[in-house]
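What follows is the content of entry10.cif (mmCIF, C-alpha atoms).
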```
data_start
#
loop_
_atom_site.label_atom_id
_atom_site.label_comp_id
_atom_site.auth_asym_id
_atom_site.auth_seq_id
_atom_site.Cartn_x
_atom_site.Cartn_y
_atom_site.Cartn_z
CA MET I 1459 -27.95 -8.59 -16.16
CA GLN I 1460 -29.70 -5.23 -15.89
CA SER I 1461 -27.86 -1.94 -16.00
CA TYR I 1462 -27.83 0.15 -12.83
CA GLN I 1463 -26.39 3.30 -14.39
CA ARG I 1464 -29.82 4.94 -14.84
CA GLN I 1465 -30.80 4.00 -11.27
CA ARG I 1466 -27.68 5.65 -9.92
CA GLU I 1467 -28.29 8.81 -11.94
CA LYS I 1468 -31.84 9.02 -10.55
CA LEU I 1469 -30.46 8.45 -7.05
CA PHE I 1470 -27.93 11.28 -7.39
CA ALA I 1471 -30.54 13.62 -8.88
CA LYS I 1472 -33.10 12.87 -6.15
CA TYR I 1473 -30.79 13.96 -3.35
CA GLU I 1474 -28.92 16.67 -5.23
CA ARG I 1475 -30.13 19.51 -2.98
CA MET I 1476 -29.95 17.62 0.29
CA SER I 1477 -28.01 19.17 3.16
CA MET I 1478 -24.86 17.10 3.52
CA ASP I 1479 -24.33 18.19 7.14
CA ASP I 1480 -27.45 16.28 8.27
CA THR I 1481 -26.92 13.21 6.06
CA TYR I 1482 -25.13 9.91 6.45
CA VAL I 1483 -24.65 7.04 4.01
CA ILE I 1484 -24.13 3.34 4.66
CA PHE I 1485 -22.74 1.37 1.73
CA VAL I 1486 -23.13 -2.42 1.83
CA GLU I 1487 -21.58 -5.07 -0.41
CA PHE I 1488 -22.17 -8.80 -0.65
CA SER I 1489 -18.42 -9.40 -0.62
CA ASN I 1490 -18.00 -13.12 -1.28
CA ILE I 1491 -20.07 -13.27 -4.47
CA GLY I 1492 -17.07 -14.58 -6.42
CA THR I 1493 -17.02 -17.72 -4.28
CA PHE I 1494 -20.47 -18.69 -5.53
CA TYR I 1495 -19.68 -17.87 -9.15
CA GLN I 1496 -16.55 -20.02 -9.16
CA PHE I 1497 -17.14 -22.86 -6.74
CA VAL I 1498 -20.86 -23.27 -6.08
CA ASP I 1499 -23.16 -22.34 -8.94
CA TYR I 1500 -22.80 -19.60 -11.53
CA THR I 1501 -26.34 -18.39 -10.88
CA TYR I 1502 -26.34 -18.83 -7.11
CA GLY I 1503 -24.52 -15.56 -6.39
CA ASP I 1504 -27.09 -13.60 -8.36
CA LYS I 1505 -29.91 -15.36 -6.52
CA ILE I 1506 -28.44 -14.31 -3.19
CA CYS I 1507 -28.04 -10.72 -4.42
CA GLU I 1508 -31.71 -10.63 -5.39
CA ALA I 1509 -32.75 -12.12 -2.06
CA ILE I 1510 -30.69 -9.51 -0.17
CA HIS I 1511 -32.33 -6.77 -2.23
CA ARG I 1512 -35.84 -8.06 -1.45
CA HIS I 1513 -35.00 -8.24 2.24
CA TYR I 1514 -33.90 -4.60 2.39
CA ARG I 1515 -36.74 -3.38 0.17
CA LEU I 1516 -39.55 -5.10 2.08
CA ASN I 1517 -38.36 -4.46 5.65
CA PRO I 1518 -39.07 -1.14 7.38
CA LEU I 1519 -35.91 0.96 7.65
CA ALA I 1520 -34.93 4.26 9.24
CA GLU I 1521 -33.09 5.14 6.00
CA ASP I 1522 -34.01 5.46 2.33
CA TYR I 1523 -32.86 2.28 0.60
CA HIS I 1524 -31.45 2.00 -2.95
CA ARG I 1525 -29.75 -0.71 -4.93
CA PHE I 1526 -26.46 0.61 -6.28
CA GLN I 1527 -25.15 -2.44 -8.14
CA HIS I 1528 -26.17 -6.09 -8.37
CA ASN I 1529 -24.25 -6.87 -5.15
CA GLN I 1530 -24.12 -3.37 -3.61
CA TYR I 1531 -26.76 -1.53 -1.58
CA VAL I 1532 -27.02 2.02 -0.25
CA PHE I 1533 -28.82 3.48 2.78
CA ILE I 1534 -29.28 7.25 3.06
CA GLY I 1535 -30.26 8.52 6.48
CA HIS I 1536 -30.51 11.71 8.56
CA PHE I 1537 -29.17 12.43 12.01
CA GLY I 1538 -31.95 14.79 13.00
CA LYS I 1539 -31.46 18.15 14.63
CA ASN I 1540 -29.40 18.37 17.83
CA LYS I 1541 -29.02 14.58 18.09
CA CYS I 1542 -25.34 14.45 17.14
CA PRO I 1543 -23.62 17.70 18.09
CA SER I 1544 -20.07 16.43 17.50
CA GLN I 1545 -18.28 14.66 14.67
CA THR I 1546 -17.30 11.77 16.95
CA GLU I 1547 -20.91 11.23 17.98
CA LYS I 1548 -22.00 11.20 14.35
CA GLU I 1549 -19.43 8.51 13.51
CA GLU I 1550 -20.42 6.50 16.59
CA GLN I 1551 -24.10 6.68 15.63
CA ILE I 1552 -23.31 5.40 12.11
CA ALA I 1553 -21.29 2.53 13.57
CA LYS I 1554 -24.18 1.68 15.88
CA ARG I 1555 -26.67 1.81 13.03
CA ILE I 1556 -24.47 -0.53 10.95
CA GLN I 1557 -24.51 -3.06 13.76
CA GLU I 1558 -28.31 -2.79 14.01
CA LEU I 1559 -28.71 -3.38 10.27
CA HIS I 1560 -26.29 -6.28 10.40
CA HIS I 1561 -28.00 -7.90 13.37
CA GLN I 1562 -31.45 -7.44 11.85
CA PHE I 1563 -30.37 -8.96 8.57
CA PHE I 1564 -28.75 -12.06 10.02
CA LYS I 1565 -31.59 -12.52 12.46
CA THR I 1566 -34.19 -12.82 9.71
CA PHE I 1567 -32.35 -13.97 6.58
CA PRO I 1568 -32.26 -17.74 5.92
CA LEU I 1569 -28.86 -17.98 4.19
CA THR I 1570 -26.68 -16.50 6.91
CA GLU I 1571 -23.89 -19.09 6.67
CA ASP I 1572 -23.32 -18.28 2.99
CA ILE I 1573 -23.19 -14.50 3.17
CA ILE I 1574 -20.43 -12.01 3.96
CA LEU I 1575 -21.61 -8.40 4.05
CA THR I 1576 -19.11 -5.56 4.30
CA TYR I 1577 -20.22 -2.09 5.39
CA GLY I 1578 -18.80 1.38 4.90
CA GLY I 1579 -20.32 4.40 6.60
CA ALA I 1580 -19.73 8.09 5.97
CA CYS I 1581 -20.92 11.56 6.83
CA ASN I 1582 -19.45 14.98 6.18
CA GLY I 1583 -16.39 15.99 8.17
CA ILE I 1584 -15.40 19.33 9.60
CA LYS I 1585 -13.83 20.27 6.25
CA LYS I 1586 -17.09 19.37 4.48
CA GLU I 1587 -15.41 17.23 1.82
CA SER I 1588 -18.71 16.01 0.35
CA LYS I 1589 -20.66 18.61 -1.60
CA THR I 1590 -23.19 16.22 -3.17
CA ILE I 1591 -24.88 12.95 -2.30
CA LYS I 1592 -22.80 11.35 -5.06
CA SER I 1593 -19.54 12.28 -3.33
CA LEU I 1594 -20.89 11.11 0.04
CA ILE I 1595 -21.89 7.74 -1.44
CA GLN I 1596 -18.44 7.46 -3.01
CA MET I 1597 -16.88 8.18 0.38
CA ALA I 1598 -18.93 5.39 1.97
CA GLN I 1599 -18.00 3.04 -0.87
CA TYR I 1600 -14.29 3.87 -0.48
CA THR I 1601 -14.57 3.23 3.26
CA MET I 1602 -16.17 -0.16 2.55
CA VAL I 1603 -13.30 -1.06 0.21
CA GLU I 1604 -10.77 -0.07 2.88
CA ALA I 1605 -12.61 -2.28 5.37
CA LYS I 1606 -12.28 -5.22 2.96
CA LYS I 1607 -8.53 -4.58 2.61
CA LYS I 1608 -8.18 -4.72 6.38
CA GLN I 1609 -10.38 -7.83 6.56
CA MET I 1610 -12.95 -5.95 8.63
CA THR I 1611 -16.71 -6.35 8.29
CA SER I 1612 -17.40 -2.63 8.74
CA GLN I 1613 -15.73 0.75 9.00
CA VAL I 1614 -16.88 4.36 9.37
CA ALA I 1615 -14.94 7.12 7.63
CA ASP I 1616 -12.94 9.24 10.06
CA GLU I 1617 -10.73 12.24 9.36
CA ILE I 1618 -7.88 10.03 8.10
CA ILE I 1619 -10.05 8.08 5.67
CA ARG I 1620 -11.72 11.28 4.41
CA SER I 1621 -8.28 12.78 3.82
CA GLN I 1622 -7.14 9.66 1.97
CA LYS I 1623 -10.21 9.75 -0.25
CA THR I 1624 -9.66 13.44 -1.02
CA ASP I 1625 -6.06 12.68 -1.96
CA LEU I 1626 -7.20 9.79 -4.14
CA ASP I 1627 -9.57 12.09 -6.03
CA ASP I 1628 -6.69 14.53 -6.51
CA PHE I 1629 -4.50 11.70 -7.83
CA VAL I 1630 -7.12 10.73 -10.42
CA LEU I 1631 -7.39 14.32 -11.63
CA ALA I 1632 -3.62 14.66 -11.74
CA PHE I 1633 -3.13 11.54 -13.84
CA ASP I 1634 -6.03 12.47 -16.11
CA TYR I 1635 -5.27 16.14 -16.74
CA TYR I 1636 -1.86 17.33 -15.54
CA PHE I 1637 0.49 14.38 -15.17
CA ASP I 1638 4.07 15.64 -14.72
CA ILE I 1639 6.81 13.01 -14.64
CA SER I 1640 9.26 15.52 -13.13
CA GLU I 1641 7.26 15.48 -9.87
CA PHE I 1642 8.25 11.85 -9.24
CA THR I 1643 11.66 11.47 -7.66
CA PRO I 1644 13.67 8.98 -5.60
CA PHE I 1645 14.08 9.40 -1.85
CA PHE I 1646 16.83 7.44 -0.14
CA GLN I 1647 17.19 5.45 3.07
CA PRO I 1648 20.64 4.23 4.17
CA ILE I 1649 21.64 0.59 4.57
CA VAL I 1650 24.11 0.14 7.43
CA ASP I 1651 26.72 -2.55 8.02
CA LYS I 1652 25.95 -4.21 11.35
CA ASP I 1653 29.64 -4.52 12.39
CA THR I 1654 31.11 -1.15 11.41
CA LEU I 1655 27.85 0.87 11.38
CA ARG I 1656 29.04 2.42 8.12
CA ILE I 1657 26.66 3.22 5.28
CA VAL I 1658 27.24 0.49 2.68
CA GLY I 1659 24.24 1.18 0.47
CA CYS I 1660 20.84 2.79 0.21
CA GLU I 1661 17.33 1.99 -0.92
CA SER I 1662 15.75 4.18 -3.60
CA LEU I 1663 12.05 4.78 -2.91
CA ILE I 1664 9.56 6.56 -5.19
CA ARG I 1665 8.04 9.76 -3.87
CA TRP I 1666 5.57 12.10 -5.55
CA LYS I 1667 6.79 15.59 -4.71
CA LYS I 1668 3.72 17.64 -5.63
CA ASP I 1669 5.03 20.74 -3.87
CA GLU I 1670 7.26 21.75 -1.00
CA TYR I 1671 4.81 20.44 1.59
CA ARG I 1672 3.20 17.41 -0.09
CA ILE I 1673 5.48 14.41 -0.46
CA ILE I 1674 3.49 11.27 -1.18
CA SER I 1675 4.77 7.69 -0.88
CA ALA I 1676 4.19 5.23 -3.72
CA ASN I 1677 1.83 2.95 -1.80
CA ARG I 1678 -0.77 5.76 -1.73
CA PHE I 1679 -0.89 6.41 -5.49
CA LYS I 1680 0.35 3.11 -6.93
CA ASP I 1681 -3.10 1.61 -7.61
CA ILE I 1682 -4.27 4.71 -9.46
CA ALA I 1683 -1.01 4.95 -11.42
CA LEU I 1684 -1.32 1.30 -12.45
CA GLU I 1685 -4.94 1.79 -13.48
CA LYS I 1686 -4.00 4.83 -15.57
CA LYS I 1687 -1.02 2.93 -17.06
CA TYR I 1688 1.56 5.37 -15.73
CA PHE I 1689 3.39 3.33 -13.10
CA ASP I 1690 5.97 1.74 -15.41
CA VAL I 1691 6.72 5.23 -16.79
CA ILE I 1692 7.24 6.49 -13.24
CA ASP I 1693 9.36 3.46 -12.32
CA LYS I 1694 11.65 3.87 -15.32
CA SER I 1695 12.07 7.59 -14.72
CA VAL I 1696 12.98 7.04 -11.05
CA ILE I 1697 15.44 4.26 -11.99
CA ARG I 1698 17.23 6.63 -14.37
CA LYS I 1699 17.31 9.41 -11.75
CA SER I 1700 18.66 6.94 -9.17
CA PHE I 1701 21.45 5.85 -11.51
CA GLU I 1702 22.32 9.48 -12.20
CA MET I 1703 22.52 10.33 -8.50
CA TYR I 1704 24.70 7.27 -7.83
CA ASN I 1705 27.06 8.55 -10.52
CA HIS I 1706 27.25 12.00 -8.87
CA TRP I 1707 27.90 10.59 -5.39
CA ARG I 1708 30.71 8.39 -6.70
CA ASP I 1709 32.33 11.28 -8.60
CA GLU I 1710 32.19 13.37 -5.42
CA ARG I 1711 33.71 10.44 -3.48
CA LEU I 1712 30.77 10.31 -1.10
CA ILE I 1713 30.43 6.54 -1.61
CA HIS I 1714 32.90 3.70 -1.98
CA SER I 1715 33.28 1.33 -4.92
CA SER I 1716 31.19 -1.45 -3.36
CA PHE I 1717 28.25 0.81 -2.43
CA VAL I 1718 24.97 -0.85 -3.44
CA MET I 1719 21.78 0.93 -4.46
CA VAL I 1720 18.59 -1.09 -3.94
CA ILE I 1721 15.70 -0.26 -6.29
CA ASN I 1722 12.18 -1.65 -5.93
CA LEU I 1723 10.61 -3.09 -9.07
CA SER I 1724 6.87 -3.60 -9.27
CA TYR I 1725 5.51 -6.68 -11.00
CA HIS I 1726 4.10 -4.50 -13.77
CA THR I 1727 7.42 -2.77 -14.48
CA LEU I 1728 9.46 -5.96 -14.18
CA SER I 1729 7.22 -7.73 -16.68
CA LEU I 1730 7.73 -4.90 -19.21
CA VAL I 1731 11.31 -3.77 -18.60
CA ASN I 1732 14.00 -4.52 -21.16
CA ILE I 1733 17.12 -5.78 -19.37
CA ASP I 1734 19.30 -4.48 -22.21
CA ASP I 1735 17.97 -0.97 -21.51
CA LEU I 1736 19.04 -1.32 -17.87
CA LEU I 1737 22.51 -2.42 -18.99
CA LYS I 1738 22.73 0.59 -21.32
CA LEU I 1739 21.96 2.84 -18.35
CA THR I 1740 24.79 1.29 -16.33
CA ILE I 1741 27.18 1.94 -19.22
CA TYR I 1742 25.95 5.51 -19.69
CA PHE I 1743 26.36 6.35 -15.99
CA ASP I 1744 29.50 4.19 -15.61
CA ILE I 1745 28.01 1.93 -12.93
CA LEU I 1746 28.75 -1.76 -12.49
CA PRO I 1747 25.59 -3.93 -12.58
CA GLU I 1748 26.76 -5.55 -9.32
CA ASN I 1749 26.29 -2.18 -7.60
CA ILE I 1750 22.55 -2.26 -8.36
CA GLU I 1751 20.22 -4.59 -6.48
CA PHE I 1752 16.59 -4.95 -7.53
CA ASP I 1753 14.10 -5.68 -4.76
CA ILE I 1754 11.62 -8.26 -6.06
CA ASP I 1755 8.29 -8.70 -4.31
CA ASP I 1756 8.24 -12.25 -2.94
CA PHE I 1757 4.46 -12.38 -3.34
CA ILE I 1758 4.77 -12.51 -7.13
CA SER I 1759 8.15 -14.22 -7.51
CA HIS I 1760 6.52 -17.53 -8.51
CA ASN I 1761 5.07 -15.87 -11.62
CA PRO I 1762 6.82 -17.34 -14.71
CA VAL I 1763 7.24 -13.90 -16.33
CA VAL I 1764 8.89 -12.56 -13.19
CA TYR I 1765 10.97 -15.70 -12.85
CA ASN I 1766 12.41 -15.32 -16.36
CA LYS I 1767 13.13 -11.61 -15.83
CA VAL I 1768 14.94 -12.34 -12.57
CA ILE I 1769 17.06 -14.95 -14.32
CA GLU I 1770 17.95 -12.30 -16.93
CA LEU I 1771 18.81 -9.77 -14.23
CA LYS I 1772 21.10 -12.22 -12.49
CA ALA I 1773 22.74 -13.28 -15.75
CA SER I 1774 23.44 -9.61 -16.54
CA GLY I 1775 25.26 -9.10 -13.25
CA PHE I 1776 22.57 -7.31 -11.24
CA LYS I 1777 21.82 -8.36 -7.68
CA VAL I 1778 18.38 -9.44 -6.44
CA ALA I 1779 16.79 -8.94 -3.02
CA VAL I 1780 13.60 -10.52 -1.71
CA ASP I 1781 11.24 -9.38 1.04
CA ALA I 1782 10.93 -12.79 2.63
CA PHE I 1783 8.15 -11.80 5.02
CA GLN I 1784 6.10 -9.60 2.74
CA TYR I 1785 2.34 -9.93 3.40
CA GLN I 1786 3.02 -11.60 6.76
CA ARG I 1787 4.08 -14.90 5.29
CA LEU I 1788 7.23 -16.76 4.30
CA SER I 1789 7.38 -18.26 0.84
CA MET I 1790 10.14 -20.64 -0.12
CA SER I 1791 9.52 -20.20 -3.86
CA SER I 1792 12.00 -17.34 -4.21
CA PHE I 1793 14.84 -19.33 -2.68
CA LEU I 1794 14.07 -22.43 -4.72
CA HIS I 1795 13.74 -20.70 -8.08
CA PHE I 1796 16.67 -18.30 -8.20
CA ASP I 1797 19.82 -17.21 -6.41
CA VAL I 1798 18.86 -14.50 -3.89
CA ASP I 1799 21.61 -12.05 -2.96
CA THR I 1800 19.84 -10.46 0.02
CA ILE I 1801 16.99 -11.72 2.19
CA LYS I 1802 15.11 -8.79 3.69
CA ILE I 1803 13.24 -9.45 6.91
CA ASP I 1804 10.22 -7.25 7.48
CA LYS I 1805 9.68 -5.31 10.69
CA SER I 1806 6.51 -7.35 11.32
CA ILE I 1807 8.60 -9.89 13.22
CA LEU I 1808 10.72 -7.33 15.05
CA PRO I 1809 9.67 -7.13 18.72
CA SER I 1810 9.07 -3.65 20.09
CA ASP I 1811 10.25 -4.62 23.54
CA ILE I 1812 12.29 -7.50 25.01
CA PRO I 1813 12.50 -10.28 22.40
CA THR I 1814 11.00 -13.63 23.31
CA PHE I 1815 12.77 -16.94 22.92
CA ARG I 1816 10.55 -17.65 19.89
CA HIS I 1817 11.77 -14.45 18.22
CA ILE I 1818 15.38 -15.41 18.86
CA ARG I 1819 14.89 -18.89 17.41
CA LEU I 1820 13.09 -17.49 14.35
CA TYR I 1821 15.90 -15.05 13.63
CA LYS I 1822 18.52 -17.73 14.01
CA ALA I 1823 16.64 -20.10 11.71
CA ILE I 1824 16.46 -17.44 9.00
CA LEU I 1825 20.13 -16.58 9.41
CA ASP I 1826 21.11 -20.25 9.23
CA MET I 1827 19.09 -20.65 6.02
CA ALA I 1828 20.68 -17.51 4.56
CA GLY I 1829 24.13 -18.83 5.40
CA THR I 1830 23.38 -22.13 3.69
CA LEU I 1831 22.16 -20.28 0.59
CA LYS I 1832 25.12 -17.86 0.78
CA SER I 1833 22.68 -14.93 0.92
CA LYS I 1834 23.10 -11.76 2.96
CA THR I 1835 20.43 -10.72 5.46
CA LEU I 1836 18.96 -7.27 6.03
CA ILE I 1837 16.64 -6.35 8.88
CA LYS I 1838 14.41 -3.47 7.81
CA GLY I 1839 12.17 -1.48 10.10
CA ILE I 1840 14.72 -0.85 12.87
CA GLU I 1841 12.95 1.72 15.03
CA ASN I 1842 14.90 1.80 18.28
CA LYS I 1843 18.26 1.04 19.82
CA GLN I 1844 17.07 -2.22 21.36
CA GLN I 1845 16.05 -3.64 17.98
CA MET I 1846 19.35 -2.59 16.46
CA GLU I 1847 21.37 -4.27 19.21
CA MET I 1848 19.29 -7.44 18.98
CA ALA I 1849 19.85 -7.63 15.23
CA ARG I 1850 23.59 -7.07 15.71
CA ASP I 1851 23.76 -9.76 18.40
CA LEU I 1852 22.10 -12.22 16.03
CA SER I 1853 24.72 -11.49 13.36
CA VAL I 1854 22.48 -10.06 10.67
CA ASP I 1855 24.52 -8.44 7.87
CA TYR I 1856 22.71 -5.13 7.28
CA LEU I 1857 20.39 -2.77 9.15
CA GLN I 1858 17.80 -0.32 7.84
CA GLY I 1859 15.02 1.74 9.37
CA TYR I 1860 13.74 4.99 10.83
CA TYR I 1861 16.19 4.62 13.73
CA PHE I 1862 18.86 5.84 11.30
CA THR I 1863 16.63 8.12 9.22
CA LYS I 1864 13.36 8.19 7.33
CA PRO I 1865 13.67 8.27 3.50
CA ILE I 1866 15.08 11.68 2.50
CA ASP I 1867 15.59 13.50 -0.78
CA GLU I 1868 18.85 13.57 -2.72
CA GLU I 1869 20.11 16.85 -1.30
CA ALA I 1870 19.52 15.76 2.29
CA PHE I 1871 21.00 12.32 1.61
CA ARG I 1872 24.13 13.90 0.16
CA LEU I 1873 24.62 15.81 3.45
CA TYR I 1874 23.78 12.65 5.37
CA LEU I 1875 26.56 10.72 3.61
CA LYS I 1876 29.05 13.44 4.54
CA LYS I 1877 27.89 13.61 8.15
CA HIS I 1878 28.18 9.85 8.72
CA ALA I 1879 31.18 9.12 6.49
CA GLU I 1880 32.98 7.44 9.39
CA GLY I 1881 29.93 5.46 10.47
CA PHE I 1882 27.33 5.88 13.18
CA GLN I 1883 28.03 6.05 16.87
CA THR I 1884 26.28 3.48 19.03
CA GLN I 1885 24.76 6.09 21.34
CA GLU I 1886 21.11 6.64 20.50
CA THR I 1887 21.41 10.43 20.74
CA THR I 1888 23.85 10.62 17.83
CA LEU I 1889 21.62 8.78 15.33
CA GLY I 1890 18.96 10.24 13.08
CA TYR I 1891 19.03 13.30 10.89
#
```
Same coordinates, now as structure tokens:
Amino acid sequence: MQSYQRQREKLFAKYERMSMDDTYVIFVEFSNIGTFYQFVDYTYGDKICEAIHRHYRLNPLAEDYHRFQHNQYVFIGHFGKNKCPSQTEKEEQIAKRIQELHHQFFKTFPLTEDIILTYGGACNGIKKESKTIKSLIQMAQYTMVEAKKKQMTSQVADEIIRSQKTDLDDFVLAFDYYFDISEFTPFFQPIVDKDTLRIVGCESLIRWKKDEYRIISANRFKDIALEKKYFDVIDKSVIRKSFEMYNHWRDERLIHSSFVMVINLSYHTLSLVNIDDLLKLTIYFDILPENIEFDIDDFISHNPVVYNKVIELKASGFKVAVDAFQYQRLSMSSFLHFDVDTIKIDKSILPSDIPTFRHIRLYKAILDMAGTLKSKTLIKGIENKQQMEMARDLSVDYLQGYYFTKPIDEEAFRLYLKKHAEGFQTQETTLGY
């Protein structure tokens, strides 16, 4: 397999002095190449890549064409003066050009049924994020990857995607050159008893507090942190901080003796964590293991490493929660393999308006199963009074969501506990913070 590094360097050098304001990039990937490597013929995927390359190279195009990788292709084009006066029109023209390229390819190429092409388009935004053709190509590539995540065939970078990519670049620099573990801290969201509307627990969620104005949720930097091998360090630090804060709240009598703190554990951290170290933390901060519940991702619960760790957690007295509807699917593996203390039901099945009969039956079926397994149920993602009342009518055990409050830092949560010590009122105007 030939190396494309030199080709890419020549590509970047060729367009180094190009005006980014007049330039757009379309990044294309043959996205199902792995299917051919694994299930068809080891060489077949490469043959298709070569055929795609010949097609683009030999057909007349409005853009300059370059091969970026064996299954990735780049088009560099120009808007032309006065043709796209606004940012929206630029993005619309890129989207239109992607459709033209796609239609032309599948109109003339003989292997259409075997090929999935994914496109990402980009041009400079108002903030002029891209200073070089390299950065603009990277923006288009990032947009293509985001399209794949959303199971879309194409996407054009808008202001949100450009902002996300800029943040991602900042994250890489931060982890490479000025990683500071003190910037990572837990934020808390209350868990409410459905009968009394009292706060009976909270969920501890990782936030990256870069400064007073930039508070970043874990799902935005998790992939980079995992790649740089920092995420388990962050997880362990936030667990310790969460334990410490629990200790302070109890000493100040802000929480009762049965208050439960839920802490998310990633697969990576769970596979590495020493259960004895967790037990030592409970002793140091004088917390009962039964007051700590670890939220285990249902998607990876069938993994034997995770399974054994969960068994250890349960044997040590910790509680375990499972997001039963994570990734829009229900897996029975969690319930078959270990004793689940809490079944968390994702907001994806919460209706935003009047619930249908199918919703009602689904809720009741889950609650019946939880009762049989002697598990508690928590509905997360409560966003309005109607959803809260529906969940209460269906006899769920616990409620959680933005209707009560978004995740807040320790100082704000301390005040929140004091404010709602006697429980929430049912009137919508009294909720929130």
- Residues near Glu1770 of chain I, cut-off 10 Å, only C-alpha atoms, skip fewer than 5 positions along chain, as a ChimeraX atom specification: /I:1732-1734,1764-1765,1775-1776
Selection above as a file: C-alpha atoms, as a PDB file, in the coordinates of the input:
```
ATOM      1  CA  ASN I1732      14.000  -4.520 -21.160  1.00  0.00           C
ATOM      2  CA  ILE I1733      17.120  -5.780 -19.370  1.00  0.00           C
ATOM      3  CA  ASP I1734      19.300  -4.480 -22.210  1.00  0.00           C
ATOM      4  CA  VAL I1764       8.890 -12.560 -13.190  1.00  0.00           C
ATOM      5  CA  TYR I1765      10.970 -15.700 -12.850  1.00  0.00           C
ATOM      6  CA  GLY I1775      25.260  -9.100 -13.250  1.00  0.00           C
ATOM      7  CA  PHE I1776      22.570  -7.310 -11.240  1.00  0.00           C
TER       8      PHE I1776
END
```
- Selected residue, from I:Val1614, I:Leu1559, I:Ala1676, I:Met1703, that lies nearest to Glu1868 of chain I when counting all atoms listed in the file: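 Answer, going by the shortest atom-to-atom distance: I:Met1703.
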- Task: Figure out the distance between atom CA of Tyr1482 of chain I and atom CA of His1536 of chain I, please, to one decimal in Å.
- Result: 6.1 Å
So which residues touch segment 1843-1854 of chain I within 7 Å, counting all atoms listed in the file, skipping near sequence neighbours fewer than 3 positions away, as a tab-separated table (two decimals) with C-alpha atoms, keeping the file's coordinate frame?
```tsv
chain	number	residue	atom	x	y	z
I	1652	LYS	CA	25.95	-4.21	11.35
I	1822	LYS	CA	18.52	-17.73	14.01
I	1835	THR	CA	20.43	-10.72	5.46
I	1836	LEU	CA	18.96	-7.27	6.03
I	1840	ILE	CA	14.72	-0.85	12.87
I	1886	GLU	CA	21.11	6.64	20.50
```
- May I ask for the distance between atom CA of Arg1711 of chain I and atom CA of Arg1872 of chain I, given in Å to one decimal place?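 So the two atoms, atom CA of Arg1711 of chain I and atom CA of Arg1872 of chain I, lie 10.8 Å apart.
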- If you count all atoms listed in the file, which residues fall within 12 Å of Glu1508 of chain I, apart from same-chain ones fewer than 5 positions away, as a list in words?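 After dropping sequence-adjacent residues, the list is Met1459, Gln1460, Phe1488, Ile1491, Thr1501, Tyr1502, Gly1503, His1513, Tyr1514, Arg1515, Arg1525, Gln1527, His1528, Asn1529, Gln1530 and Tyr1531 of chain I.
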- For the structure provided, state which residues fall under the PyMOL selection byres ((chain I and resi 1736) around 10), and present them as a ChimeraX atom specification. /I:1694,1697-1698,1701,1731-1735,1737-1742,1747,1771,1774,1776
- Output of the PyMOL selection byres ((chain I and resi 1603) around 12), listed as a VMD selection string: chain I and resid 1485 to 1489 1530 1575 to 1579 1596 to 1602 1604 to 1615 1619 1623
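Note that the spacing between atom CA of Ser1461 of chain I and atom CA of Thr1590 of chain I amounts to 22.7 Å.
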- Could you expand the PyMOL selection byres ((chain I and resi 1749) around 10) into the explicit residues it covers here, written as an NGL selection string? :I and (1659 or 1704 or 1715-1720 or 1740 or 1745-1748 or 1750-1751 or 1775-1777)
- Message: I'd like to know which of I:Arg1464, I:Ala1828, I:Phe1563, I:Leu1875 is closest to His1511 of chain I, using only C-alpha atoms.
- Response: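 Closest to His1511 of chain I, using only C-alpha atoms: I:Phe1563.
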- Judged by all atoms listed in the file, the minimum distance to Lys1772 of chain I among I:Lys1864, I:Ser1544, I:Tyr1462, I:Asp1799 is found for I:Asp1799
- Task: Compare I:Glu1661, I:Asp1867, I:Glu1587, I:Asp1681 by their minimum atom-to-atom distance to Gln1647 of chain I, counting all atoms listed in the file, and give me the closest one.
- Result: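 The closest residue to Gln1647 of chain I is I:Glu1661.
Closest approach to Leu1594 of chain I among I:Ser1477, I:Ser1833, I:Thr1643, I:Ser1695 is made by I:Ser1477 (distances from only C-alpha atoms).
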Centre, edges in Å (one decimal): axis-aligned box, segment 1737-1741 of chain I, 3 Å padding on all six sides, as JSON:
```
{"center_x": 24.6, "center_y": 0.2, "center_z": -18.8, "size_x": 11.2, "size_y": 11.3, "size_z": 11.0}
```
Counting all atoms listed in the file, which residues have an atom no more than 9 Å from (-28.1, 8.6, -0.6) in the file's coordinates? Please list them as a compact mmCIF listing (two decimals) with C-alpha atoms, in the frame of the given file.
```txt
# COMPACT_ATOMS: atom_id res chain seq x y z
CA LEU I 1469 -30.46 8.45 -7.05
CA PHE I 1470 -27.93 11.28 -7.39
CA LYS I 1472 -33.10 12.87 -6.15
CA TYR I 1473 -30.79 13.96 -3.35
CA THR I 1481 -26.92 13.21 6.06
CA TYR I 1482 -25.13 9.91 6.45
CA VAL I 1483 -24.65 7.04 4.01
CA ILE I 1484 -24.13 3.34 4.66
CA GLU I 1521 -33.09 5.14 6.00
CA ASP I 1522 -34.01 5.46 2.33
CA TYR I 1523 -32.86 2.28 0.60
CA HIS I 1524 -31.45 2.00 -2.95
CA VAL I 1532 -27.02 2.02 -0.25
CA PHE I 1533 -28.82 3.48 2.78
CA ILE I 1534 -29.28 7.25 3.06
CA GLY I 1535 -30.26 8.52 6.48
CA ILE I 1591 -24.88 12.95 -2.30
CA LYS I 1592 -22.80 11.35 -5.06
CA LEU I 1594 -20.89 11.11 0.04
CA ILE I 1595 -21.89 7.74 -1.44
```
- Nearest to Lys1586 of chain I by atom-to-atom distance, counting only C-alpha atoms, from I:Leu1663, I:Gln1622, I:Met1478, I:Ala1509: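 Once distances to Lys1586 of chain I are computed over only C-alpha atoms, the minimum belongs to I:Met1478.
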